[in-house]
file entry_37.cif (mmCIF, C-alpha atoms)
data_upload
loop_
_atom_site.group_PDB
_atom_site.id
_atom_site.type_symbol
_atom_site.label_atom_id
_atom_site.label_comp_id
_atom_site.auth_asym_id
_atom_site.auth_seq_id
_atom_site.Cartn_x
_atom_site.Cartn_y
_atom_site.Cartn_z
ATOM 1 C CA MET N 1 1.150 -174.517 23.477
ATOM 2 C CA SER N 2 3.742 -176.487 25.387
ATOM 3 C CA ALA N 3 4.959 -175.526 28.820
ATOM 4 C CA ALA N 4 8.370 -174.696 27.346
ATOM 5 C CA ARG N 5 6.831 -172.249 24.875
ATOM 6 C CA ILE N 6 4.764 -170.649 27.638
ATOM 7 C CA GLU N 7 7.912 -170.242 29.738
ATOM 8 C CA GLN N 8 9.717 -168.766 26.733
ATOM 9 C CA ALA N 9 6.855 -166.302 26.181
ATOM 10 C CA MET N 10 6.890 -165.318 29.839
ATOM 11 C CA ALA N 11 10.660 -164.783 29.661
ATOM 12 C CA ARG N 12 10.142 -162.478 26.670
ATOM 13 C CA ILE N 13 7.466 -160.565 28.567
ATOM 14 C CA ASN N 14 9.758 -160.195 31.571
ATOM 15 C CA ALA N 15 12.581 -158.993 29.304
ATOM 16 C CA ALA N 16 10.243 -156.442 27.728
ATOM 17 C CA MET N 17 9.181 -155.228 31.157
ATOM 18 C CA ALA N 18 12.847 -154.861 32.151
ATOM 19 C CA ARG N 19 13.461 -152.776 29.010
ATOM 20 C CA ILE N 20 10.479 -150.599 29.936
ATOM 21 C CA ASP N 21 11.885 -150.084 33.440
ATOM 22 C CA THR N 22 15.309 -149.221 31.998
ATOM 23 C CA ALA N 23 13.816 -146.725 29.542
ATOM 24 C CA HIS N 24 11.784 -145.169 32.331
ATOM 25 C CA ALA N 25 14.862 -144.878 34.569
ATOM 26 C CA GLU N 26 16.862 -143.302 31.724
ATOM 27 C CA GLY N 27 14.062 -140.805 31.169
ATOM 28 C CA ALA N 28 14.086 -139.901 34.852
ATOM 29 C CA ARG N 29 17.864 -139.512 34.745
ATOM 30 C CA VAL N 30 17.587 -137.152 31.759
ATOM 31 C CA GLU N 31 15.092 -135.031 33.671
ATOM 32 C CA ASP N 32 17.272 -135.063 36.819
ATOM 33 C CA THR N 33 20.353 -133.880 34.920
ATOM 34 C CA ALA N 34 18.612 -131.009 33.108
ATOM 35 C CA PRO N 35 20.490 -127.696 33.344
ATOM 36 C CA THR N 36 19.397 -125.377 36.142
ATOM 37 C CA SER N 37 20.126 -121.941 34.639
ATOM 38 C CA ALA N 38 17.517 -120.523 32.271
ATOM 39 C CA GLU N 39 19.707 -120.106 29.175
ATOM 40 C CA PRO N 40 21.282 -123.615 29.020
ATOM 41 C CA ALA N 41 17.876 -125.115 29.771
ATOM 42 C CA ARG N 42 16.439 -123.503 26.642
ATOM 43 C CA GLU N 43 19.312 -124.875 24.554
ATOM 44 C CA ALA N 44 19.061 -128.413 25.970
ATOM 45 C CA GLU N 45 15.272 -128.538 26.134
ATOM 46 C CA PRO N 46 14.584 -129.602 22.499
ATOM 47 C CA GLN N 47 17.215 -132.351 22.680
ATOM 48 C CA ASN N 48 15.961 -133.625 26.053
ATOM 49 C CA SER N 49 12.371 -133.332 24.924
ATOM 50 C CA ALA N 50 13.058 -135.368 21.786
ATOM 51 C CA ARG N 51 14.851 -138.026 23.814
ATOM 52 C CA VAL N 52 12.045 -138.217 26.366
ATOM 53 C CA MET N 53 9.480 -138.501 23.564
ATOM 54 C CA ALA N 54 11.502 -141.312 21.975
ATOM 55 C CA LEU N 55 11.556 -143.124 25.311
ATOM 56 C CA VAL N 56 7.818 -142.591 25.776
ATOM 57 C CA ASN N 57 7.140 -143.970 22.297
ATOM 58 C CA ALA N 58 9.380 -146.990 22.924
ATOM 59 C CA HIS N 59 7.649 -147.559 26.258
ATOM 60 C CA GLU N 60 4.211 -147.449 24.661
ATOM 61 C CA LYS N 61 5.269 -149.823 21.869
ATOM 62 C CA LEU N 62 6.623 -152.314 24.419
ATOM 63 C CA ARG N 63 3.470 -151.948 26.532
ATOM 64 C CA GLU N 64 1.333 -152.776 23.485
ATOM 65 C CA GLU N 65 3.515 -155.780 22.620
ATOM 66 C CA VAL N 66 3.226 -157.082 26.179
ATOM 67 C CA ALA N 67 -0.551 -156.593 26.185
ATOM 68 C CA ASP N 68 -0.852 -158.437 22.866
ATOM 69 C CA THR N 69 1.344 -161.278 24.084
ATOM 70 C CA ILE N 70 -0.609 -161.606 27.316
ATOM 71 C CA GLY N 71 -3.829 -161.727 25.284
ATOM 72 C CA GLU N 72 -2.369 -164.497 23.122
ATOM 73 C CA LEU N 73 -1.255 -166.406 26.217
ATOM 74 C CA ASP N 74 -4.716 -166.066 27.758
ATOM 75 C CA ALA N 75 -6.322 -167.402 24.594
ATOM 76 C CA LEU N 76 -3.896 -170.322 24.412
ATOM 77 C CA ILE N 77 -4.354 -171.197 28.068
ATOM 78 C CA GLU N 78 -8.126 -171.095 27.615
ATOM 79 C CA GLU N 79 -7.794 -173.363 24.590
ATOM 80 C CA LEU N 80 -5.603 -175.817 26.506
ATOM 81 C CA GLU N 81 -7.992 -175.901 29.450
ATOM 82 C CA ALA N 82 -11.031 -176.534 27.255
#

call {"tool": "encode", "arguments": {"input": "entry_37.cif", "output": "structure tokens"}}
result
Amino acid sequence: MSAARIEQAMARINAAMARIDTAHAEGARVEDTAPTSAEPAREAEPQNSARVMALVNAHEKLREEVADTIGELDALIEELEA
């Protein structure tokens, strides 16, 4: 793998990590803006819960993609060094 392709892969990893951070921050914002009275909280809870779960699933998918990409990079670097 050429240095340019390695740099491109690292840029993709960094972009994925930025998306993870953004999703995490949005999830925290959703939790921070949850209604405080008991009745509105019950009405908003399923919607917030679904959104948080969607963010968690997206986060996990990105984490897996990053782990896979790092594994591929490790293998390629090992191959280049051999």

call {"tool": "resolve_selection", "arguments": {"input": "entry_37.cif", "expression": "the PyMOL selection byres ((chain N and resi 17-29) around 12)", "output": "mmCIF file with C-alpha atoms, in the frame of the given file"}}
result
data_model
loop_
_atom_site.group_PDB
_atom_site.id
_atom_site.type_symbol
_atom_site.label_atom_id
_atom_site.label_comp_id
_atom_site.auth_asym_id
_atom_site.auth_seq_id
_atom_site.Cartn_x
_atom_site.Cartn_y
_atom_site.Cartn_z
ATOM 1 C CA MET N 10 6.890 -165.318 29.839
ATOM 2 C CA ALA N 11 10.660 -164.783 29.661
ATOM 3 C CA ARG N 12 10.142 -162.478 26.670
ATOM 4 C CA ILE N 13 7.466 -160.565 28.567
ATOM 5 C CA ASN N 14 9.758 -160.195 31.571
ATOM 6 C CA ALA N 15 12.581 -158.993 29.304
ATOM 7 C CA ALA N 16 10.243 -156.442 27.728
ATOM 8 C CA VAL N 30 17.587 -137.152 31.759
ATOM 9 C CA GLU N 31 15.092 -135.031 33.671
ATOM 10 C CA ASP N 32 17.272 -135.063 36.819
ATOM 11 C CA THR N 33 20.353 -133.880 34.920
ATOM 12 C CA ALA N 34 18.612 -131.009 33.108
ATOM 13 C CA ASN N 48 15.961 -133.625 26.053
ATOM 14 C CA SER N 49 12.371 -133.332 24.924
ATOM 15 C CA ALA N 50 13.058 -135.368 21.786
ATOM 16 C CA ARG N 51 14.851 -138.026 23.814
ATOM 17 C CA VAL N 52 12.045 -138.217 26.366
ATOM 18 C CA MET N 53 9.480 -138.501 23.564
ATOM 19 C CA ALA N 54 11.502 -141.312 21.975
ATOM 20 C CA LEU N 55 11.556 -143.124 25.311
ATOM 21 C CA VAL N 56 7.818 -142.591 25.776
ATOM 22 C CA ASN N 57 7.140 -143.970 22.297
ATOM 23 C CA ALA N 58 9.380 -146.990 22.924
ATOM 24 C CA HIS N 59 7.649 -147.559 26.258
ATOM 25 C CA GLU N 60 4.211 -147.449 24.661
ATOM 26 C CA LYS N 61 5.269 -149.823 21.869
ATOM 27 C CA LEU N 62 6.623 -152.314 24.419
ATOM 28 C CA ARG N 63 3.470 -151.948 26.532
ATOM 29 C CA GLU N 64 1.333 -152.776 23.485
ATOM 30 C CA GLU N 65 3.515 -155.780 22.620
ATOM 31 C CA VAL N 66 3.226 -157.082 26.179
ATOM 32 C CA ALA N 67 -0.551 -156.593 26.185
#

call {"tool": "atom_distance", "arguments": {"input": "entry_37.cif", "atom1": "CA of Ala9 (chain N)", "atom2": "CA of Leu73 (chain N)"}}
result
8.1 Å

call {"tool": "atom_distance", "arguments": {"input": "entry_37.cif", "atom1": "CA of Ala75 (chain N)", "atom2": "CA of Arg5 (chain N)"}}
result
14.0 Å

call {"tool": "decode", "arguments": {"input": "entry_37.cif", "residues": "region 47-65 of chain N", "atoms": "N, CA and C atoms", "output": "short mmCIF file (atom, residue, chain, number, x, y, z; two decimals), in the first residue's frame"}}
result
data_model
loop_
_atom_site.label_atom_id
_atom_site.label_comp_id
_atom_site.auth_asym_id
_atom_site.auth_seq_id
_atom_site.Cartn_x
_atom_site.Cartn_y
_atom_site.Cartn_z
N GLN N 47 -39.66 8.53 21.90
CA GLN N 47 -38.99 9.19 20.78
C GLN N 47 -37.51 9.40 21.08
N ASN N 48 -37.20 9.89 22.29
CA ASN N 48 -35.81 10.10 22.68
C ASN N 48 -35.07 8.77 22.75
N SER N 49 -35.73 7.77 23.30
CA SER N 49 -35.12 6.46 23.43
C SER N 49 -34.78 5.88 22.06
N ALA N 50 -35.69 6.02 21.12
CA ALA N 50 -35.44 5.51 19.77
C ALA N 50 -34.28 6.25 19.12
N ARG N 51 -34.22 7.55 19.34
CA ARG N 51 -33.14 8.34 18.75
C ARG N 51 -31.80 7.97 19.37
N VAL N 52 -31.79 7.80 20.68
CA VAL N 52 -30.55 7.41 21.36
C VAL N 52 -30.11 6.03 20.87
N MET N 53 -31.05 5.11 20.73
CA MET N 53 -30.70 3.77 20.25
C MET N 53 -30.14 3.83 18.83
N ALA N 54 -30.71 4.69 17.99
CA ALA N 54 -30.20 4.84 16.63
C ALA N 54 -28.78 5.38 16.66
N LEU N 55 -28.52 6.33 17.55
CA LEU N 55 -27.16 6.87 17.67
C LEU N 55 -26.20 5.81 18.19
N VAL N 56 -26.64 5.02 19.16
CA VAL N 56 -25.79 3.96 19.70
C VAL N 56 -25.47 2.95 18.61
N ASN N 57 -26.46 2.58 17.82
CA ASN N 57 -26.22 1.62 16.73
C ASN N 57 -25.27 2.19 15.69
N ALA N 58 -25.45 3.46 15.33
CA ALA N 58 -24.54 4.10 14.38
C ALA N 58 -23.13 4.15 14.94
N HIS N 59 -23.02 4.47 16.21
CA HIS N 59 -21.71 4.52 16.88
C HIS N 59 -21.03 3.16 16.83
N GLU N 60 -21.76 2.12 17.14
CA GLU N 60 -21.19 0.78 17.15
C GLU N 60 -20.77 0.35 15.74
N LYS N 61 -21.58 0.68 14.75
CA LYS N 61 -21.23 0.35 13.36
C LYS N 61 -19.94 1.06 12.96
N LEU N 62 -19.83 2.35 13.28
CA LEU N 62 -18.61 3.09 12.95
C LEU N 62 -17.41 2.53 13.70
N ARG N 63 -17.62 2.16 14.97
CA ARG N 63 -16.52 1.58 15.76
C ARG N 63 -16.01 0.29 15.11
N GLU N 64 -16.94 -0.54 14.64
CA GLU N 64 -16.56 -1.79 13.98
C GLU N 64 -15.81 -1.52 12.68
N GLU N 65 -16.29 -0.52 11.91
CA GLU N 65 -15.61 -0.17 10.66
C GLU N 65 -14.19 0.32 10.93
#
